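Asker: Have a look at the structure that comes next, please.
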2 protein chains.
Amino acid sequence: MTASATGRLVKDGLYEQFARVGKAVAHPKRIELLDLLCQGERSVEVLADAAAMTVVNTSAHLRVLRESRLVATRREGTRVFYRLADDAVCEFFFSLRDLAGDRYAEVDRIVRDFFEARDELEPVNRDELLSRAGDGGVIVLDVRPREEYEAGHIQGAISIPLADLKGRMASLPREAEIVAYCRGPYCVLAPQALELLRRRGFTARRLEDGFPEWRRAGLPIVIGEDPSSDRHPDPTTEVTGS
Amino acid sequence: MTASATGRLVKDGLYEQFARVGKAVAHPKRIELLDLLCQGERSVEVLADAAAMTVVNTSAHLRVLRESRLVATRREGTRVFYRLADDAVCEFFFSLRDLAGDRYAEVDRIVRDFFEARDELEPVNRDELLSRAGDGGVIVLDVRPREEYEAGHIQGAISIPLADLKGRMASLPREAEIVAYCRGPYCVLAPQALELLRRRGFTARRLEDGFPEWRRAGLPIVIGEDPSSDRHPDPTTEVTGS
DNA sequence: CTTCTGTTCTATAGATTTATAGAATATGAT
DNA sequence: ATCATATTCTATAAATCTATAGAACAGAAG
């Protein structure tokens, strides 16, 4: 075999491997699943619900992701939990998401139409939130589903899932500034929370990105349940931002 | 419309956009084209030849890349030149390539079978090459095609395309150490050059990655032709590594 | 103008991917 | 053991993607 024929075989083999990653992210629902898995481990059922797909369809997409080795599984009783196979997968998702944000005016338009209409004030960046987190006047609000909060949240944040926010707003102090965060810069949860809070007269802003970016930056996180959780009422706990 | 229905519309729209990038890199030949374009601008014809495809097929793949806005075009006479739409696309390619390298043992196996068999000595990293580049005992050899060299090369490198190497080895000093580089860590050109050089008794190593990584690291590069080029013989120029 | 070259467009057949339905499997509870 | 639940497997039709061939188009040269 000639040297150039060998070279072509090697190239074809390598690019074939690279394309396995590409094929894995060639469907919007699989990207959505990766985004969700960047938050933490999830069962098929929960993923199906979050991504608005049937369980069977979700399972098929997860299978593609698993065969491309971007995700791994763990069985616990009758449930199968999926997780990212490596932190590098989350990094790759960020890279893809940010490239799309850079290149496509459509992303910018969607962001403007949806997000900016709900941002009364400029979003808060990570450094600003970190420097103000301890001063007591800021309440950091995690509006993701409870299970995502428990899988990991910003240190000092309290958990009020968006679905519960309407009923629990009364427990928030009116004089404090609220900073809400969710899954990332394109997640709809925090903007929707801002809309509710603003209507009731709260001063609310959102963190410009979400929990995965905070964790990636090496900033303080806590794993476990919210001390103010009303699932296990306990008179010694109180709502606090620090 | 309910808030959650709006949220689903926004999510679907955003993930659809993200998937445009994914679909663009879902075919090995398109990834190969992106890799080539990371070296610099190229015409359809040259790309077709380099990727071992027909011009028509290459044009179709380039169209997909252009429609996903990862590449841009420029017409010059009868030729159309393609280039990356942004440096961020090169970064994204690196991210995808490195993830595949991390996750797939297959990549490692191909690298071992092909590359390590040709590496008599350990590859040189960028810092090591930079610190030794000026000491005269090292010849930095760019074995990519001439046009890629002229589009940008490592400062001090001389251009001997792999195809010309056999005939031009005699002009290389036997006592110097040669460091060959090409398009990147998975490019076959430098390993094939090492094999030729080693057989003739030269001490040759390769740079562990290629020109795009060197440029990305902000290290010194030069654009233009090789002063030792034999296309325009000139008695005042000489082969030198500095 | 015509001709030539490089590139893109159009049509098409074959291959691959996707969503869905129904069956099968695995685990835990009874 | 049987039943219930969660997930995966199998089959299939629809949709999408790919490679190829031939036509069409744009610019350069005569």
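FYI, nothing fancy with the structure tokens labels: chains A, B, ... in order, residues from 1 per chain, ligands from 1 as they appear.
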Please, which residues of chain D lie no more than 8 Å from chain A when the count uses only C-alpha atoms (C1' of nucleotides), and can they be set out as an MDAnalysis selection string?
Answerer: chainID D and resid 5:8
Asker: Do you know which residues are at most 10 Å from Arg183 in chain B counting only C-alpha atoms (C1' of nucleotides), after dropping those on the same chain fewer than 6 positions away, and could you put them as a ChimeraX atom specification?
Answerer: /B:35-36,38-39,142-144,148,189-190,209-213
Asker: Next, dump the selected residues to file, keeping only N, CA and C atoms, as an mmCIF file, in the first residue's frame.
Answerer:
```
data_model
loop_
_atom_site.group_PDB
_atom_site.id
_atom_site.type_symbol
_atom_site.label_atom_id
_atom_site.label_comp_id
_atom_site.auth_asym_id
_atom_site.auth_seq_id
_atom_site.Cartn_x
_atom_site.Cartn_y
_atom_site.Cartn_z
ATOM 1 N N ASP B 35 -11.392 21.068 9.179
ATOM 2 C CA ASP B 35 -10.003 20.919 9.601
ATOM 3 C C ASP B 35 -9.086 21.605 8.582
ATOM 4 N N LEU B 36 -9.325 21.333 7.311
ATOM 5 C CA LEU B 36 -8.516 21.963 6.260
ATOM 6 C C LEU B 36 -8.661 23.477 6.295
ATOM 7 N N CYS B 38 -9.268 25.293 8.786
ATOM 8 C CA CYS B 38 -8.557 25.848 9.945
ATOM 9 C C CYS B 38 -7.133 26.239 9.547
ATOM 10 N N GLN B 39 -6.599 25.627 8.492
ATOM 11 C CA GLN B 39 -5.261 25.990 8.024
ATOM 12 C C GLN B 39 -5.295 27.304 7.261
ATOM 13 N N ASP B 142 8.193 22.717 7.822
ATOM 14 C CA ASP B 142 6.757 22.715 7.543
ATOM 15 C C ASP B 142 6.522 21.793 6.359
ATOM 16 N N VAL B 143 5.860 20.671 6.588
ATOM 17 C CA VAL B 143 5.695 19.684 5.505
ATOM 18 C C VAL B 143 4.306 19.737 4.870
ATOM 19 N N ARG B 144 3.552 20.787 5.161
ATOM 20 C CA ARG B 144 2.244 20.940 4.511
ATOM 21 C C ARG B 144 2.457 21.415 3.071
ATOM 22 N N GLU B 148 -0.365 26.215 1.950
ATOM 23 C CA GLU B 148 -0.714 26.340 3.363
ATOM 24 C C GLU B 148 0.408 27.039 4.120
ATOM 25 N N LEU B 189 0.791 14.066 7.769
ATOM 26 C CA LEU B 189 1.942 14.533 6.988
ATOM 27 C C LEU B 189 3.253 14.444 7.758
ATOM 28 N N ALA B 190 3.293 15.011 8.954
ATOM 29 C CA ALA B 190 4.550 15.013 9.708
ATOM 30 C C ALA B 190 5.010 13.591 10.047
ATOM 31 N N ASP B 209 1.500 19.067 18.041
ATOM 32 C CA ASP B 209 0.320 19.457 17.295
ATOM 33 C C ASP B 209 0.768 20.257 16.071
ATOM 34 N N GLY B 210 -0.096 21.099 15.517
ATOM 35 C CA GLY B 210 0.237 21.704 14.232
ATOM 36 C C GLY B 210 0.157 23.212 14.213
ATOM 37 N N PHE B 211 0.101 23.752 13.009
ATOM 38 C CA PHE B 211 0.099 25.195 12.853
ATOM 39 C C PHE B 211 -1.106 25.882 13.507
ATOM 40 N N PRO B 212 -2.328 25.372 13.338
ATOM 41 C CA PRO B 212 -3.467 26.092 13.939
ATOM 42 C C PRO B 212 -3.340 26.219 15.456
ATOM 43 N N GLU B 213 -2.833 25.188 16.116
ATOM 44 C CA GLU B 213 -2.679 25.248 17.573
ATOM 45 C C GLU B 213 -1.587 26.261 17.964
#
```
Asker: Identify, on the basis of only C-alpha atoms (C1' of nucleotides), every residue whose closest approach to DA13 in chain C does not exceed 12 Å; exclude the query and any residue fewer than 5 positions from it along the same chain; express the result as a count of residues only.
Answerer: 4
Asker: I'd like the interatomic distance between CA of Leu99 in chain A and CA of Val188 in chain A, to a tenth of an Å.
Answerer: 19.6 Å
Asker: Could you list, as a PyMOL selection string, the residues of chain C having an atom within 12 Å of chain B when counting only C-alpha atoms (C1' of nucleotides)?
Answerer: chain C and resi 4-9+16-17
Asker: Ranking B:Arg174, B:Arg112, B:Arg74, B:Arg200 by minimum distance to chain A and counting only C-alpha atoms, which one comes first?
Answerer: B:Arg112
Asker: With only C-alpha atoms considered, list every residue of chain B at most 8 Å from chain A, as number ranges by chain.
Answerer: B: 3, 7, 10-29, 31-32, 69-70, 88-89, 92, 95-97, 99-100, 103-104, 106-107, 110, 114, 186-188, 192
Asker: Would you work out the distance separating CA of Val46 in chain A from CA of Arg75 in chain A, expressed in Å to one decimal?
Answerer: 14.5 Å
Asker: Got a sec to tell me which of range 12-235 of chain B DSSP assigns to strand (DSSP E), as a PyMOL selection string?
Answerer: chain B and resi 42-43+71-76+79-84+138-142+153-154+158-159+177-181+203-206+221-222
Asker: Within 12 Å of DA13 in chain D, counting only C-alpha atoms (C1' of nucleotides), which residues show up once you throw out same-chain ones fewer than 4 positions away? Write them as a list in words, please.
Answerer: DT18, DA19, DT20 and DA21 of chain C
Asker: Please provide the set of residues having any atom within 8 Å of Arg42 in chain A, restricted to only C-alpha atoms (C1' of nucleotides), with same-chain residues fewer than 3 positions apart removed, written as a list of chain:residue names.
Answerer: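 My list of contacting residues is A:Leu37, A:Val46, A:Leu47, A:Phe81, A:Tyr82, A:Arg83.
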Asker: Could those residues be written to a file, using C-alpha atoms, as a tab-separated table (two decimals), in the first residue's frame?
Answerer:
```tsv
chain	number	residue	atom	x	y	z
A	37	LEU	CA	-27.75	16.33	31.91
A	46	VAL	CA	-37.82	12.85	34.11
A	47	LEU	CA	-35.83	13.62	30.96
A	81	PHE	CA	-30.31	7.12	35.45
A	82	TYR	CA	-28.35	8.90	32.76
A	83	ARG	CA	-25.43	11.24	33.34
```
Asker: With only C-alpha atoms (C1' of nucleotides) as the counted atoms, please give the residues lying no more than 10 Å from DA23 in chain C, apart from itself and same-chain residues fewer than 2 positions off, as a list in words.
Answerer: DA21 and DT25 of chain C; DC9 and DT10 of chain D
